[in-house]
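Next up, final-v3.txt (compact mmCIF, C-alpha atoms and all ligand atoms):
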# COMPACT_ATOMS: atom_id res chain seq x y z
CA MET A 1 -18.23 19.21 39.39
CA THR A 2 -21.57 20.44 38.06
CA LYS A 3 -23.96 23.01 39.52
CA ALA A 4 -26.13 20.18 40.83
CA ASP A 5 -23.25 19.02 43.02
CA LEU A 6 -23.35 22.26 45.03
CA PRO A 7 -25.86 22.72 47.87
CA PRO A 8 -28.87 24.75 46.61
CA LYS A 9 -28.40 28.45 47.30
CA GLN A 10 -32.01 29.29 48.37
CA ASN A 11 -31.74 26.86 51.28
CA ALA A 12 -28.72 28.73 52.38
CA THR A 13 -30.35 32.21 52.33
CA LYS A 14 -30.44 32.47 56.08
CA SER A 15 -26.98 31.25 56.58
CA ASP A 16 -25.92 33.44 53.61
CA ASP A 17 -26.34 36.44 55.86
CA LEU A 18 -24.12 34.77 58.37
CA MET A 19 -21.43 34.01 55.77
CA PRO A 20 -18.41 36.21 55.77
CA ASP A 21 -18.18 38.22 52.51
CA GLU A 22 -15.19 36.39 51.10
CA VAL A 23 -16.82 32.99 51.67
CA LYS A 24 -19.96 34.27 49.94
CA ARG A 25 -17.93 35.53 47.03
CA ALA A 26 -16.05 32.25 46.77
CA TYR A 27 -19.37 30.36 46.87
CA ASP A 28 -20.82 32.52 44.07
CA GLU A 29 -17.71 32.06 41.96
CA LEU A 30 -17.85 28.31 42.51
CA GLN A 31 -21.48 28.24 41.45
CA GLU A 32 -20.72 30.29 38.33
CA GLY A 33 -17.79 27.97 37.53
CA ALA A 34 -19.99 24.93 37.88
CA GLN A 35 -22.59 26.55 35.61
CA THR A 36 -19.94 27.30 32.95
CA LEU A 37 -18.56 23.78 33.25
CA ALA A 38 -22.02 22.28 32.80
CA GLU A 39 -22.56 24.45 29.72
CA VAL A 40 -19.20 23.50 28.17
CA SER A 41 -19.88 19.87 28.87
CA ALA A 42 -23.36 20.06 27.27
CA ARG A 43 -21.90 21.87 24.26
CA ASN A 44 -19.14 19.27 23.84
CA GLN A 45 -21.66 16.47 24.16
CA ALA A 46 -23.89 18.06 21.49
CA LEU A 47 -20.84 18.58 19.25
CA LEU A 48 -19.75 14.98 19.66
CA GLU A 49 -23.22 13.66 18.94
CA SER A 50 -23.69 15.85 15.85
CA ILE A 51 -20.53 14.51 14.14
CA GLY A 52 -21.18 11.93 11.42
CA ASP A 53 -17.83 10.18 12.00
CA GLY A 54 -17.54 7.57 14.71
CA ILE A 55 -15.55 8.78 17.72
CA ILE A 56 -14.16 6.64 20.52
CA ALA A 57 -11.92 7.96 23.29
CA THR A 58 -9.68 5.61 25.23
CA ASP A 59 -7.45 5.93 28.25
CA GLN A 60 -3.73 5.11 28.26
CA ASP A 61 -4.51 1.38 28.52
CA GLY A 62 -6.77 1.44 25.46
CA LEU A 63 -9.94 1.15 27.57
CA ILE A 64 -12.93 2.98 26.11
CA THR A 65 -13.95 6.08 28.10
CA LEU A 66 -16.33 7.72 25.64
CA ILE A 67 -18.17 6.87 22.44
CA ASN A 68 -20.49 8.97 20.28
CA GLY A 69 -23.84 8.08 18.69
CA SER A 70 -22.38 7.62 15.17
CA ALA A 71 -19.88 5.06 16.48
CA GLU A 72 -22.68 3.26 18.34
CA SER A 73 -24.87 3.00 15.25
CA MET A 74 -22.03 2.12 12.83
CA LEU A 75 -20.80 -0.67 15.09
CA ASP A 76 -24.34 -1.59 16.10
CA LYS A 77 -23.19 -1.79 19.71
CA LYS A 78 -24.53 -0.10 22.83
CA ARG A 79 -22.47 2.54 24.58
CA SER A 80 -23.03 0.81 27.91
CA ASP A 81 -21.57 -2.43 26.51
CA LEU A 82 -18.39 -0.69 25.36
CA ILE A 83 -17.44 1.80 28.08
CA GLY A 84 -14.57 0.42 30.19
CA LYS A 85 -13.76 -2.34 27.65
CA SER A 86 -10.56 -2.65 25.63
CA VAL A 87 -11.00 -1.00 22.22
CA VAL A 88 -8.95 -3.64 20.40
CA GLU A 89 -10.97 -6.50 21.89
CA SER A 90 -14.44 -5.04 21.67
CA VAL A 91 -14.03 -3.44 18.21
CA PRO A 92 -12.30 -6.11 16.07
CA VAL A 93 -10.54 -5.10 12.84
CA VAL A 94 -10.34 -7.59 9.97
CA ASP A 95 -9.09 -7.64 6.37
CA ASN A 96 -11.24 -8.23 3.27
CA LYS A 97 -11.15 -11.98 3.87
CA GLY A 98 -12.34 -11.60 7.44
CA LYS A 99 -8.91 -12.39 8.92
CA GLU A 100 -8.15 -10.46 12.08
CA ILE A 101 -5.49 -7.71 11.73
CA PRO A 102 -2.67 -8.44 14.23
CA LEU A 103 -2.50 -6.07 17.20
CA TYR A 104 0.88 -4.59 16.22
CA ARG A 105 -0.67 -3.32 12.97
CA ARG A 106 -3.73 -1.74 14.53
CA PRO A 107 -3.67 2.08 14.52
CA GLU A 108 -5.11 2.15 18.06
CA VAL A 109 -2.11 0.17 19.36
CA LEU A 110 0.44 2.03 17.23
CA ALA A 111 -0.77 5.45 18.42
CA LEU A 112 -0.45 4.39 22.07
CA SER A 113 2.96 2.79 21.63
CA THR A 114 4.57 5.48 19.47
CA GLY A 115 2.77 8.58 20.75
CA LYS A 116 2.18 9.61 17.13
CA PRO A 117 -1.06 9.78 15.13
CA SER A 118 -1.69 6.56 13.23
CA SER A 119 -4.03 5.53 10.39
CA ASN A 120 -4.81 2.32 8.55
CA PRO A 121 -2.13 1.75 5.87
CA ARG A 122 -2.64 3.00 2.32
CA GLY A 123 -3.41 0.30 -0.15
CA GLN A 124 -4.97 -2.07 2.37
CA THR A 125 -8.58 -1.80 3.44
CA TYR A 126 -9.41 -2.44 7.08
CA TYR A 127 -12.90 -3.48 8.15
CA TYR A 128 -14.67 -3.03 11.48
CA LYS A 129 -16.91 -5.86 12.59
CA ARG A 130 -20.46 -5.14 13.70
CA LYS A 131 -22.21 -6.90 16.55
CA ASP A 132 -23.88 -9.37 14.14
CA GLY A 133 -20.47 -10.34 12.63
CA SER A 134 -20.99 -8.39 9.38
CA GLN A 135 -18.23 -5.96 8.42
CA PHE A 136 -17.77 -2.58 6.72
CA PRO A 137 -14.66 -0.91 5.25
CA VAL A 138 -13.37 1.80 7.47
CA GLY A 139 -10.92 4.72 7.41
CA ILE A 140 -9.40 5.02 10.89
CA THR A 141 -7.28 7.83 12.37
CA VAL A 142 -6.07 7.56 15.94
CA THR A 143 -4.57 10.58 17.69
CA PRO A 144 -2.89 10.14 21.04
CA PHE A 145 -3.29 12.93 23.57
CA VAL A 146 -0.37 13.76 25.75
CA LEU A 147 -0.25 15.46 29.15
CA GLY A 148 3.26 16.64 29.98
CA GLU A 149 5.40 13.82 28.64
CA LYS A 150 2.87 11.08 29.22
CA ILE A 151 0.35 9.61 26.78
CA VAL A 152 -2.94 9.69 28.66
CA GLY A 153 -5.26 8.35 26.01
CA THR A 154 -6.33 8.36 22.37
CA ILE A 155 -9.14 9.64 20.18
CA VAL A 156 -10.18 7.16 17.51
CA VAL A 157 -12.06 8.77 14.60
CA PHE A 158 -13.49 6.45 11.95
CA ARG A 159 -15.61 6.63 8.82
CA ASP A 160 -17.57 4.04 6.85
CA ILE A 161 -15.90 4.07 3.39
CA THR A 162 -18.22 1.56 1.66
CA ILE A 163 -19.08 4.04 -1.13
CA GLU A 164 -15.42 4.91 -1.84
CA THR A 165 -14.49 1.21 -1.85
CA ASP A 166 -17.34 0.40 -4.27
CA ILE A 167 -16.30 3.21 -6.64
CA ASP A 168 -12.71 2.02 -6.48
CA ARG A 169 -13.73 -1.52 -7.33
CA THR A 170 -15.91 -0.37 -10.23
CA LYS A 171 -12.96 1.66 -11.57
CA THR A 172 -10.61 -1.33 -11.27
CA GLU A 173 -13.16 -3.60 -12.96
CA PHE A 174 -13.42 -1.10 -15.80
CA VAL A 175 -9.62 -0.99 -16.22
CA SER A 176 -9.56 -4.78 -16.18
CA LEU A 177 -12.26 -5.05 -18.86
CA ALA A 178 -10.81 -2.29 -21.07
CA SER A 179 -7.25 -3.63 -20.94
CA HIS A 180 -8.45 -7.17 -21.60
CA GLN A 181 -10.38 -5.98 -24.68
CA LEU A 182 -7.37 -3.99 -25.93
CA ARG A 183 -5.06 -6.99 -25.91
CA THR A 184 -6.54 -8.76 -28.95
CA PRO A 185 -6.33 -5.85 -31.46
CA LEU A 186 -2.83 -4.98 -30.18
CA ALA A 187 -1.70 -8.57 -30.70
CA THR A 188 -3.13 -8.49 -34.24
CA ILE A 189 -1.19 -5.28 -35.04
CA ARG A 190 1.97 -6.88 -33.70
CA TRP A 191 1.48 -9.99 -35.76
CA TYR A 192 0.97 -8.09 -39.03
CA ALA A 193 3.81 -5.68 -38.26
CA GLU A 194 6.13 -8.67 -37.74
CA MET A 195 5.06 -10.15 -41.08
CA LEU A 196 5.73 -6.86 -42.87
CA LYS A 197 9.07 -6.43 -41.10
CA ASP A 198 10.15 -9.93 -42.21
CA GLU A 199 9.48 -8.79 -45.77
CA SER A 200 7.50 -11.99 -46.27
CA LEU A 201 4.87 -9.89 -48.06
CA GLY A 202 7.31 -8.03 -50.25
CA LYS A 203 10.48 -5.94 -50.14
CA LEU A 204 10.48 -2.64 -48.23
CA ASN A 205 12.57 0.42 -48.94
CA GLU A 206 14.70 1.99 -46.16
CA GLU A 207 12.12 4.67 -45.30
CA GLN A 208 9.31 2.09 -45.06
CA LYS A 209 11.51 -0.10 -42.85
CA GLU A 210 12.25 2.81 -40.52
CA TYR A 211 8.59 3.81 -40.16
CA LEU A 212 7.53 0.22 -39.65
CA GLU A 213 10.15 -0.25 -36.93
CA THR A 214 8.82 2.82 -35.08
CA MET A 215 5.26 1.51 -35.37
CA TYR A 216 6.35 -1.90 -34.15
CA LYS A 217 8.19 -0.50 -31.10
CA SER A 218 5.24 1.75 -30.17
CA ASN A 219 2.95 -1.25 -30.44
CA LEU A 220 5.21 -3.26 -28.10
CA ARG A 221 5.19 -0.38 -25.61
CA MET A 222 1.41 -0.29 -25.76
CA ILE A 223 1.23 -4.05 -25.17
CA ASP A 224 3.50 -3.65 -22.11
CA LEU A 225 1.33 -0.85 -20.74
CA VAL A 226 -1.92 -2.75 -21.30
CA ASP A 227 -0.44 -5.89 -19.70
CA ALA A 228 0.73 -3.84 -16.70
CA LEU A 229 -2.73 -2.27 -16.31
CA LEU A 230 -4.37 -5.67 -16.55
CA ASN A 231 -1.98 -7.06 -13.94
CA VAL A 232 -2.63 -4.15 -11.56
CA SER A 233 -6.38 -4.66 -11.85
CA ARG A 234 -6.08 -8.43 -11.27
CA LEU A 235 -3.85 -7.84 -8.23
CA GLU A 236 -6.25 -5.24 -6.83
CA LEU A 237 -9.36 -7.30 -7.47
CA GLY A 238 -7.60 -10.28 -5.90
CA THR A 239 -8.57 -12.49 -8.86
CA PHE A 240 -5.03 -13.64 -9.70
CA ILE A 241 -3.74 -17.15 -9.12
CA ILE A 242 -0.52 -18.22 -7.39
CA GLU A 243 0.41 -21.70 -8.55
CA PRO A 244 3.79 -22.67 -7.08
CA LYS A 245 5.80 -25.38 -8.80
CA PRO A 246 9.49 -26.35 -8.58
CA THR A 247 11.32 -23.68 -10.62
CA ASP A 248 14.99 -23.33 -11.43
CA LEU A 249 15.79 -19.72 -10.46
CA GLU A 250 19.11 -19.63 -12.32
CA GLU A 251 17.51 -20.80 -15.54
CA MET A 252 14.75 -18.23 -15.17
CA ALA A 253 17.06 -15.29 -14.39
CA ASP A 254 19.30 -16.25 -17.33
CA SER A 255 16.39 -16.34 -19.75
CA VAL A 256 15.23 -12.89 -18.58
CA LEU A 257 18.76 -11.55 -19.13
CA GLU A 258 18.69 -13.08 -22.59
CA GLU A 259 15.50 -11.17 -23.38
CA LEU A 260 17.28 -7.99 -22.32
CA ALA A 261 20.44 -8.78 -24.32
CA VAL A 262 19.78 -6.22 -27.08
CA LYS A 263 19.35 -3.38 -24.55
CA ILE A 264 22.35 -4.57 -22.51
CA GLN A 265 24.56 -4.62 -25.59
CA ALA A 266 23.26 -1.30 -26.90
CA LYS A 267 24.40 0.36 -23.66
CA SER A 268 27.55 -1.80 -23.24
CA ILE A 269 26.46 -2.75 -19.76
CA GLN A 270 28.54 -5.29 -17.92
CA ILE A 271 26.54 -8.07 -16.29
CA GLU A 272 27.74 -9.99 -13.24
CA LYS A 273 25.90 -13.07 -11.98
CA GLU A 274 26.23 -15.14 -8.88
CA TYR A 275 24.05 -18.11 -8.03
CA SER A 276 24.66 -19.77 -4.70
CA PRO A 277 24.03 -22.66 -4.82
CA LYS A 278 23.89 -23.18 -8.56
CA ASP A 279 20.68 -24.61 -10.06
CA LEU A 280 18.62 -23.54 -7.08
CA VAL A 281 15.10 -24.93 -7.38
CA LEU A 282 12.32 -23.25 -5.42
CA ASN A 283 8.60 -23.88 -5.19
CA VAL A 284 7.36 -20.64 -6.76
CA ASP A 285 4.87 -19.51 -9.38
CA PRO A 286 7.03 -19.28 -12.55
CA LYS A 287 4.98 -16.49 -14.16
CA LEU A 288 5.09 -14.30 -11.07
CA THR A 289 8.78 -14.98 -10.45
CA ARG A 290 9.51 -14.05 -14.04
CA ILE A 291 7.65 -10.73 -13.56
CA ILE A 292 9.84 -10.03 -10.49
CA PHE A 293 13.12 -10.74 -12.36
CA GLN A 294 11.92 -8.84 -15.47
CA ASN A 295 11.05 -5.70 -13.53
CA LEU A 296 14.17 -5.57 -11.37
CA LEU A 297 16.61 -6.43 -14.16
CA SER A 298 15.01 -4.23 -16.83
CA ASN A 299 14.92 -1.30 -14.38
CA ALA A 300 18.59 -1.81 -13.52
CA VAL A 301 19.51 -1.81 -17.24
CA LYS A 302 17.16 1.09 -18.07
CA TYR A 303 18.34 3.34 -15.23
CA THR A 304 22.07 2.70 -15.68
CA PRO A 305 24.02 4.82 -18.16
CA GLU A 306 26.30 3.38 -20.83
CA LYS A 307 29.26 1.25 -19.68
CA GLY A 308 27.71 0.76 -16.25
CA LYS A 309 27.45 -2.49 -14.33
CA VAL A 310 24.49 -4.61 -13.21
CA SER A 311 25.07 -7.44 -10.74
CA LEU A 312 22.55 -10.15 -10.01
CA SER A 313 22.82 -12.61 -7.17
CA VAL A 314 20.47 -15.34 -6.04
CA GLU A 315 21.49 -16.76 -2.70
CA LYS A 316 20.08 -19.30 -0.31
CA THR A 317 20.64 -18.30 3.32
CA ASP A 318 19.57 -20.01 6.58
CA LYS A 319 16.44 -17.90 6.64
CA ASP A 320 15.41 -17.20 3.08
CA ILE A 321 16.19 -17.02 -0.63
CA GLN A 322 17.61 -13.59 -1.37
CA ILE A 323 17.60 -12.05 -4.83
CA ARG A 324 19.79 -8.95 -5.20
CA VAL A 325 19.94 -6.68 -8.24
CA LYS A 326 22.61 -4.02 -7.95
CA ASP A 327 23.40 -1.32 -10.49
CA THR A 328 25.77 1.60 -10.91
CA GLY A 329 23.03 3.81 -12.31
CA TYR A 330 21.26 7.10 -11.67
CA GLY A 331 20.03 6.11 -8.20
CA ILE A 332 16.81 7.22 -6.52
CA PRO A 333 16.78 10.69 -4.92
CA LYS A 334 16.26 10.63 -1.12
CA LYS A 335 13.08 12.70 -1.37
CA ASP A 336 11.48 10.14 -3.73
CA GLN A 337 12.49 6.96 -1.92
CA LYS A 338 9.31 6.75 0.17
CA GLN A 339 7.08 6.72 -2.89
CA ILE A 340 8.97 4.27 -5.06
CA PHE A 341 6.41 1.44 -4.65
CA THR A 342 3.44 3.76 -5.19
CA LYS A 343 1.32 3.12 -8.27
CA LEU A 344 2.32 5.31 -11.28
CA PHE A 345 5.18 7.01 -9.43
CA ARG A 346 8.36 7.85 -11.40
CA ALA A 347 11.22 9.81 -9.86
CA ASP A 348 12.08 13.18 -11.45
CA ASN A 349 15.75 12.29 -12.04
CA VAL A 350 14.86 9.49 -14.50
CA LYS A 351 11.80 11.05 -16.13
CA VAL A 352 13.99 13.31 -18.25
CA LYS A 353 16.56 10.64 -19.12
CA GLU A 354 14.16 7.75 -19.73
CA THR A 355 10.80 8.79 -21.07
CA GLU A 356 9.59 5.21 -21.34
CA GLY A 357 8.08 3.80 -18.19
CA THR A 358 4.70 3.30 -16.56
CA GLY A 359 5.54 3.55 -12.88
CA LEU A 360 3.61 0.29 -12.39
CA GLY A 361 6.41 -2.30 -12.30
CA LEU A 362 7.54 -2.01 -8.70
CA TYR A 363 3.95 -1.64 -7.48
CA ILE A 364 3.15 -4.94 -9.24
CA VAL A 365 6.24 -6.66 -7.78
CA GLN A 366 5.45 -5.47 -4.27
CA SER A 367 1.80 -6.54 -4.55
CA ILE A 368 2.83 -10.01 -5.78
CA LEU A 369 5.30 -10.43 -2.92
CA GLU A 370 2.82 -9.22 -0.30
CA THR A 371 0.39 -11.94 -1.32
CA ALA A 372 2.96 -14.64 -2.08
CA GLY A 373 4.72 -14.21 1.29
CA GLY A 374 7.93 -12.40 0.28
CA LYS A 375 9.43 -8.94 0.82
CA ILE A 376 11.12 -6.26 -1.27
CA TRP A 377 13.31 -3.30 -0.23
CA PHE A 378 16.16 -1.25 -1.63
CA GLU A 379 19.16 0.94 -0.93
CA SER A 380 20.04 3.79 -3.25
CA GLU A 381 22.23 6.82 -3.60
CA GLU A 382 21.60 9.36 -6.32
CA GLY A 383 24.35 9.33 -8.94
CA LYS A 384 25.93 6.16 -7.50
CA GLY A 385 23.45 3.34 -7.95
CA THR A 386 20.69 1.23 -6.52
CA THR A 387 20.35 -2.23 -5.02
CA PHE A 388 16.98 -3.96 -4.87
CA TYR A 389 16.56 -6.95 -2.54
CA VAL A 390 13.82 -9.57 -2.67
CA SER A 391 13.40 -12.14 0.03
CA LEU A 392 11.39 -15.29 -0.60
CA PRO A 393 10.63 -17.90 2.07
CA LEU A 394 12.67 -21.12 1.89
CA GLU A 395 9.43 -23.03 1.37
CA GLY A 396 8.62 -20.86 -1.67
CA MET A 397 5.45 -18.95 -2.51
CA LYS A 398 2.10 -19.45 -0.84
CA GLN A 399 -0.53 -20.96 -3.10
CA LYS A 400 -3.57 -18.80 -3.90
CA LYS A 401 -6.75 -19.74 -5.66
CA GLY A 402 -8.14 -17.35 -8.25
CA THR A 403 -9.63 -17.11 -11.71
CA LYS A 404 -6.92 -15.31 -13.72
CA SER A 405 -3.16 -15.51 -14.05
CA LEU A 406 -1.07 -12.40 -14.55
CA ALA A 407 -0.11 -11.37 -18.09
P1 LIG A 501 9.00 2.40 -14.48
O1 LIG A 501 10.38 1.85 -14.52
O2 LIG A 501 8.12 1.84 -15.53
O3 LIG A 501 8.98 3.89 -14.42
P2 LIG A 501 8.77 1.07 -11.90
O4 LIG A 501 7.57 0.89 -11.06
O5 LIG A 501 9.49 -0.15 -12.33
O6 LIG A 501 8.30 1.94 -13.14
O7 LIG A 501 9.77 2.01 -11.11
C1 LIG A 501 9.27 3.18 -10.51
C2 LIG A 501 10.35 4.23 -10.43
O8 LIG A 501 11.37 3.80 -9.52
C3 LIG A 501 11.07 4.49 -11.72
O9 LIG A 501 10.37 5.37 -12.58
C4 LIG A 501 12.38 5.10 -11.20
O10 LIG A 501 12.16 6.44 -10.83
C5 LIG A 501 12.64 4.31 -9.92
N1 LIG A 501 13.54 3.15 -10.11
C6 LIG A 501 13.21 1.86 -10.16
N2 LIG A 501 14.31 1.09 -10.30
C7 LIG A 501 15.36 1.92 -10.35
C8 LIG A 501 16.78 1.74 -10.49
N3 LIG A 501 17.32 0.53 -10.59
N4 LIG A 501 17.55 2.86 -10.48
C9 LIG A 501 17.01 4.08 -10.35
N5 LIG A 501 15.69 4.33 -10.23
C10 LIG A 501 14.87 3.27 -10.22
Would you mind writing the file's structure down as structure tokens?
Amino acid sequence: MTKADLPPKQNATKSDDLMPDEVKRAYDELQEGAQTLAEVSARNQALLESIGDGIIATDQDGLITLINGSAESMLDKKRSDLIGKSVVESVPVVDNKGKEIPLYRRPEVLALSTGKPSSNPRGQTYYYKRKDGSQFPVGITVTPFVLGEKIVGTIVVFRDITIETDIDRTKTEFVSLASHQLRTPLATIRWYAEMLKDESLGKLNEEQKEYLETMYKSNLRMIDLVDALLNVSRLELGTFIIEPKPTDLEEMADSVLEELAVKIQAKSIQIEKEYSPKDLVLNVDPKLTRIIFQNLLSNAVKYTPEKGKVSLSVEKTDKDIQIRVKDTGYGIPKKDQKQIFTKLFRADNVKVKETEGTGLGLYIVQSILETAGGKIWFESEEGKGTTFYVSLPLEGMKQKKGTKSLA
């Protein structure tokens, strides 16, 4: 109730005298309360309108009850056209290709169904659509508000993140350019180092051999890092190609294990393999599938101490093709498990034991699978071992057009 809702006091002057004292007092208090309420409401309104972020309030059914000026201008929609409408229907969210984000992944729906604050996921940009169909990248946070035990509505706060997205893209383009330019000189160093190592240019003494070997290994590590950076930038820019073709998974996994043979032998690691059925052929991109096997198997070997065991299985089930890489290694501490697919993350327990590593491998594998239509997850216990699982659809990987293949 506002002050205007009460009968004007001056008209009641005569009858005021006739009012019993307590009624008069109650009337005055009511008028004061209405005045305070009107002031609070005006202050809240001014506060809401002065905020640069878009704000939308909804009721428990997701129907819009309030919207501020910033939201109106960002969405280019009138307040009167939005009040009372469903937030998910009248404010569509799409991905960078303009494809609508399914309801179950929208923060507005998640906040209402779980009763917990929800934001758009890290690593994927959501876009709000304006009235004219154009779109802008947006950071969304939805907070449900609860009365007693019941969710009675949500507050959606959003921000146009065009500038941040542009900076991010420029940074990724720079990494892509720099790593691409670094590949040629690194390949030249490798080539000459190999020639010297072969002694095709003359005999080397033991000290020269040792130094050359160190240079050669450092160069290989640099090539791996530059390739990983290039791959990350191509995945993030969305320029990479997925070209599925019938690929023998057993043959591929075996050839990756062969590449790792020196490391496997050096640590006396026992390898177990199981292919069911044998010679399984799947319609996948061979380069990308190789990257998946390389990362999972080399991690298992790298993070397993001497005389440990690494088991690989590739199995066709009714629903999918499941790749499993199990090791008896250091494991991943519980506290680090949430971040394992985050770019550049390395768990503390392995950083001391294995200094080599970029923290990019699993991020690359997960990004590939997200686009190609697969999934990756793991189980791990510190000190006991880790099992990584990859699931690929029976029909293989989804094709994707692009300009570059991964390194
Ligand atoms: P890198 O191995 O180059 O550090 P990855 O992205 O491949 O980067 O892996 C990220 C982190 O995940 C590793 O640094 C390590 O902490 C953890 N990790 C991955 N695989 C295993 C494994 N099989 N056993 C234990 N830790 C692992």
With only C-alpha atoms and all ligand atoms counted, collect every polymer residue having an atom within 7 Å of ligand LIG 501 (chain A); state the result as a ChimeraX atom specification.
-> /A:295-296,299-300,303-304,327,329-332,340-341,344-351,356-363,385-387
Can I get the selection written as a compact mmCIF listing (two decimals), in the coordinates of the input, with C-alpha atoms?
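The resulting file, selection_4.txt, is reproduced below:
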# COMPACT_ATOMS: atom_id res chain seq x y z
CA ASN A 295 11.05 -5.70 -13.53
CA LEU A 296 14.17 -5.57 -11.37
CA ASN A 299 14.92 -1.30 -14.38
CA ALA A 300 18.59 -1.81 -13.52
CA TYR A 303 18.34 3.34 -15.23
CA THR A 304 22.07 2.70 -15.68
CA ASP A 327 23.40 -1.32 -10.49
CA GLY A 329 23.03 3.81 -12.31
CA TYR A 330 21.26 7.10 -11.67
CA GLY A 331 20.03 6.11 -8.20
CA ILE A 332 16.81 7.22 -6.52
CA ILE A 340 8.97 4.27 -5.06
CA PHE A 341 6.41 1.44 -4.65
CA LEU A 344 2.32 5.31 -11.28
CA PHE A 345 5.18 7.01 -9.43
CA ARG A 346 8.36 7.85 -11.40
CA ALA A 347 11.22 9.81 -9.86
CA ASP A 348 12.08 13.18 -11.45
CA ASN A 349 15.75 12.29 -12.04
CA VAL A 350 14.86 9.49 -14.50
CA LYS A 351 11.80 11.05 -16.13
CA GLU A 356 9.59 5.21 -21.34
CA GLY A 357 8.08 3.80 -18.19
CA THR A 358 4.70 3.30 -16.56
CA GLY A 359 5.54 3.55 -12.88
CA LEU A 360 3.61 0.29 -12.39
CA GLY A 361 6.41 -2.30 -12.30
CA LEU A 362 7.54 -2.01 -8.70
CA TYR A 363 3.95 -1.64 -7.48
CA GLY A 385 23.45 3.34 -7.95
CA THR A 386 20.69 1.23 -6.52
CA THR A 387 20.35 -2.23 -5.02
Please identify all polymer residues within 12 Å of Met215 in chain A, counting only C-alpha atoms, omitting same-chain residues fewer than 2 positions from it, and present them as a count of residues only.
-> 20
Centre, x/y/z edge lengths, axis-aligned box for range 85-102 of chain A with 6 Å per side, as AutoDock Vina command-line options:
--center_x -8.6 --center_y -6.7 --center_z 15.5 --size_x 23.8 --size_y 23.4 --size_z 36.4
Ref. answer, residues at most 8 Å from (-15.8, 4.5, 9.8) with only C-alpha atoms, as an mmCIF file with C-alpha atoms, in the frame of the given file:
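Once written, point07.cif looks like this:
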data_model
loop_
_atom_site.group_PDB
_atom_site.id
_atom_site.type_symbol
_atom_site.label_atom_id
_atom_site.label_comp_id
_atom_site.auth_asym_id
_atom_site.auth_seq_id
_atom_site.Cartn_x
_atom_site.Cartn_y
_atom_site.Cartn_z
ATOM 1 C CA ASP A 53 -17.830 10.180 12.000
ATOM 2 C CA GLY A 54 -17.540 7.570 14.710
ATOM 3 C CA ALA A 71 -19.880 5.060 16.480
ATOM 4 C CA MET A 74 -22.030 2.120 12.830
ATOM 5 C CA TYR A 128 -14.670 -3.030 11.480
ATOM 6 C CA PHE A 136 -17.770 -2.580 6.720
ATOM 7 C CA PRO A 137 -14.660 -0.910 5.250
ATOM 8 C CA VAL A 138 -13.370 1.800 7.470
ATOM 9 C CA GLY A 139 -10.920 4.720 7.410
ATOM 10 C CA ILE A 140 -9.400 5.020 10.890
ATOM 11 C CA VAL A 157 -12.060 8.770 14.600
ATOM 12 C CA PHE A 158 -13.490 6.450 11.950
ATOM 13 C CA ARG A 159 -15.610 6.630 8.820
ATOM 14 C CA ASP A 160 -17.570 4.040 6.850
ATOM 15 C CA ILE A 161 -15.900 4.070 3.390
#
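The gap separating CA of Phe240 in chain A from CA of Asp168 in chain A is 17.7 Å, in Å to one decimal.
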